[in-house]
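Visitor: First, the structure itself, so that you have it in front of you.
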Amino acid sequence: MAVSPHPDLHGPVAIVAGGLSHERAVSLLSGERIQRELQSVGVDAQVVDADQSLLASLRTGGYTAVIPTIHGDIGEDGTLQTVLEMAGVPFTGSSSKSCRLAWDKTVGRTLTERAGLSSPPWVALTSSSFKELGSSEVVRFLVEDMSWPLVVKPNRGGSVLGVNGVESVDALVDALMQAFAYGETVLIESFTEGMDVSVAVLDVDGEPRAGVPVGLEYDRKDRFDFVARYDPARVQVNTPAELPEETLAALRTAAETAHAALGMRDLSRVDFLVAPDGEFVVLEVSAIPGMTATSLFPFSVQAEGGSFSEVLVSVLKSAVARRSATS
């Protein structure tokens, strides 16, 4: 059945997805999901691949607005947003500056910690330091006061690419070598046993408003089986997370605080680990949340009773309004 054009959005919308990062496949899945949701309410939504023809496509496509949906470099590090800002193209989501802050985990954690939120104990290590100071020696020095086991992850990156759990110095050195394949800086943090919880945050009337905290349970092969999170057959999503009401309320407040601390705009997703005693730590803030079948942002939004498609329309209208206000 044909769908009438959306009354508030005229002209096509570009969903920029794909790209050449390690997360291309996830990005395309997110883009296709957004396209289906928008088309279901009459928005002419088109997925545009982030390749060498992207700028020409944006110049000639006559797009009302752009939805950046590239996961990984270019999309989340502020590069695409910088290009769109310079071109005067309205787009959803955070500014280039805020994207850069969130994409760098060391910077993002520093800012959320300054805002009063806890992180797992962590240190950062660069590839050059690792090589020049002696791999085993510098590693032993850095982690001597940390609680084991440890988790190693690239400082910049999403999904679970380059993420490994370790229980010995030898395994730590190997994990660092793998993580350095994804970037110059690597994060080493103490492993936190607990529930993975994500909270969607939307700007409503200029103020961040957190959605329902969503909990994840995995069919893990072992406690370091981080890949399980991205396998729909091995994931159980609990909406809301099975936690006391006071913990759920505290997570909402913390998510709004983190969103504001990094200057997020329109939407974000804040990821937590919640220990059995109810204490929690912030893992990261995502400026471009995944929108796939196992992504938690849509679950959190829909648990509030709202329509995911209309949330997307709302952020598009905000992007267009920002352009109108500055033109």
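Just remember, in the structure tokens the first chain shown is A, the second B, etc., residues are 1-based per chain, and ligands are 1-based in the order shown.
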Write out as JSON, numbers by chain which residues come within 12 Å of A:Leu54 when counting only C-alpha atoms, dropping same-chain ones fewer than 5 positions away.
Guide: {"A": [14, 15, 16, 17, 18, 19, 47, 48, 49, 59, 60, 61, 66, 68, 80, 83, 84]}
Visitor: Quick one: contact table of stretch 150-204 of chain A to stretch 90-109 of chain A, 12 Å max, nearest atom pair and distance in Å to one decimal per residue, counting only C-alpha atoms, chain and number order, as CSV?
Guide:
```
residue,atom,partner,partner_atom,distance
A:Lys153,CA,A:Lys105,CA,9.8
A:Pro154,CA,A:Lys105,CA,8.6
A:Asn155,CA,A:Lys105,CA,5.3
A:Arg156,CA,A:Asp104,CA,5.4
A:Gly157,CA,A:Trp103,CA,7.2
A:Gly158,CA,A:Trp103,CA,8.8
A:Gly183,CA,A:Asp104,CA,11.0
A:Glu184,CA,A:Asp104,CA,11.5
A:Thr185,CA,A:Thr106,CA,9.3
A:Val186,CA,A:Thr106,CA,9.3
A:Leu187,CA,A:Thr106,CA,7.7
A:Ile188,CA,A:Thr106,CA,10.6
A:Glu189,CA,A:Thr106,CA,11.2
A:Val201,CA,A:Gly93,CA,11.4
A:Leu202,CA,A:Gly93,CA,9.9
A:Asp203,CA,A:Gly93,CA,10.0
```
Visitor: Can you tell me which residues surround A:Leu283 at a distance of at most 8 Å, considering only C-alpha atoms, apart from same-chain residues fewer than 5 positions away, and format the answer as a ChimeraX atom specification?
Guide: /A:109,119-120,270-273
Visitor: Create the file for the chosen residues now, containing C-alpha atoms and written as a PDB file, in the first residue's frame.
Guide:
```pdb
ATOM      1  CA  ARG A 109      36.091   9.395  29.834  1.00  0.00           C
ATOM      2  CA  SER A 119      34.710   4.784  34.693  1.00  0.00           C
ATOM      3  CA  PRO A 120      36.466   1.439  35.073  1.00  0.00           C
ATOM      4  CA  VAL A 270      25.428   5.871  26.734  1.00  0.00           C
ATOM      5  CA  ASP A 271      26.803   2.436  27.640  1.00  0.00           C
ATOM      6  CA  PHE A 272      27.214   1.255  31.228  1.00  0.00           C
ATOM      7  CA  LEU A 273      28.317  -1.795  33.164  1.00  0.00           C
TER       8      LEU A 273
END
```
Visitor: Could you list, as a list in words, every residue within 10 Å of A:Arg323, counting only C-alpha atoms and ignoring same-chain residues fewer than 3 positions away?
Guide: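 Listing them by chain and then by number gives Ala65, Gly88, Val89, Pro90, Phe91, Lys317, Ser318, Ala319, Val320, Thr326 and Ser327 of chain A.
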Visitor: Of the candidates A:Gly11, A:Pro213, A:Gly78, A:Pro232, which one gets nearest to A:Ser198 if we count only C-alpha atoms?
Guide: A:Pro213
Visitor: To one decimal in Å, tell me the separation between atom CA of A:Thr126 and atom CA of A:Ile288.
Guide: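 Computing it gives 25.5 Å between the two atoms.
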Visitor: What does the structure give for the distance between atom CA of A:Glu167 and atom CA of A:Pro149, in Å to one decimal?
Guide: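 Between atom CA of A:Glu167 and atom CA of A:Pro149 the gap works out to 4.8 Å.
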Visitor: Enumerate as a ChimeraX atom specification all residues of stretch 95-164 of chain A assigned to strand (DSSP E or B) by DSSP on the backbone, naming them with the chain letters and numbers the document uses.
Guide: /A:122-126,150-154,164
Visitor: In Å, rounded to a single decimal, give me how far atom CA of A:Met195 is from atom CA of A:Ala254.
Guide: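 We find that atom CA of A:Ala254 and atom CA of A:Met195 lie 16.0 Å from each other.
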Visitor: With only C-alpha atoms as the counted atoms, please give the residues lying no more than 12 Å from A:Pro298, apart from itself and same-chain residues fewer than 2 positions off, as a ChimeraX atom specification.
Guide: /A:30,33-34,37,198-202,211-214,237,239,267-269,289-296,300-312
Visitor: Using only C-alpha atoms, which of the listed residues (A:Leu243, A:Leu142, A:Ala115, A:Val26) sits closest to A:Ala258?
Guide: A:Ala115
Visitor: Please provide the set of residues having any atom within 10 Å of A:Phe130, restricted to only C-alpha atoms, with same-chain residues fewer than 4 positions apart removed, written as a PyMOL selection string.
Guide: chain A and resi 125-126+134-139+173+176-177+180+185
Visitor: Determine which residues of stretch 16-144 of chain A receive a DSSP assignment of helix (DSSP H, G or I), computed from the backbone, and state them as a count of residues only.
Guide: 65
Visitor: Would you please work out which residue, of A:Leu161, A:Val274, A:Leu251, A:Val13, is nearest to A:Gln39 when using only C-alpha atoms?
Guide: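 The answer is A:Val13, which sits nearest to A:Gln39.
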Visitor: Measuring between only C-alpha atoms, which one of A:Gly165, A:Gly278, A:Gly62, A:Gly31 shows the shortest distance to A:Phe191?
Guide: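 Closest to A:Phe191 of all the choices is A:Gly165.
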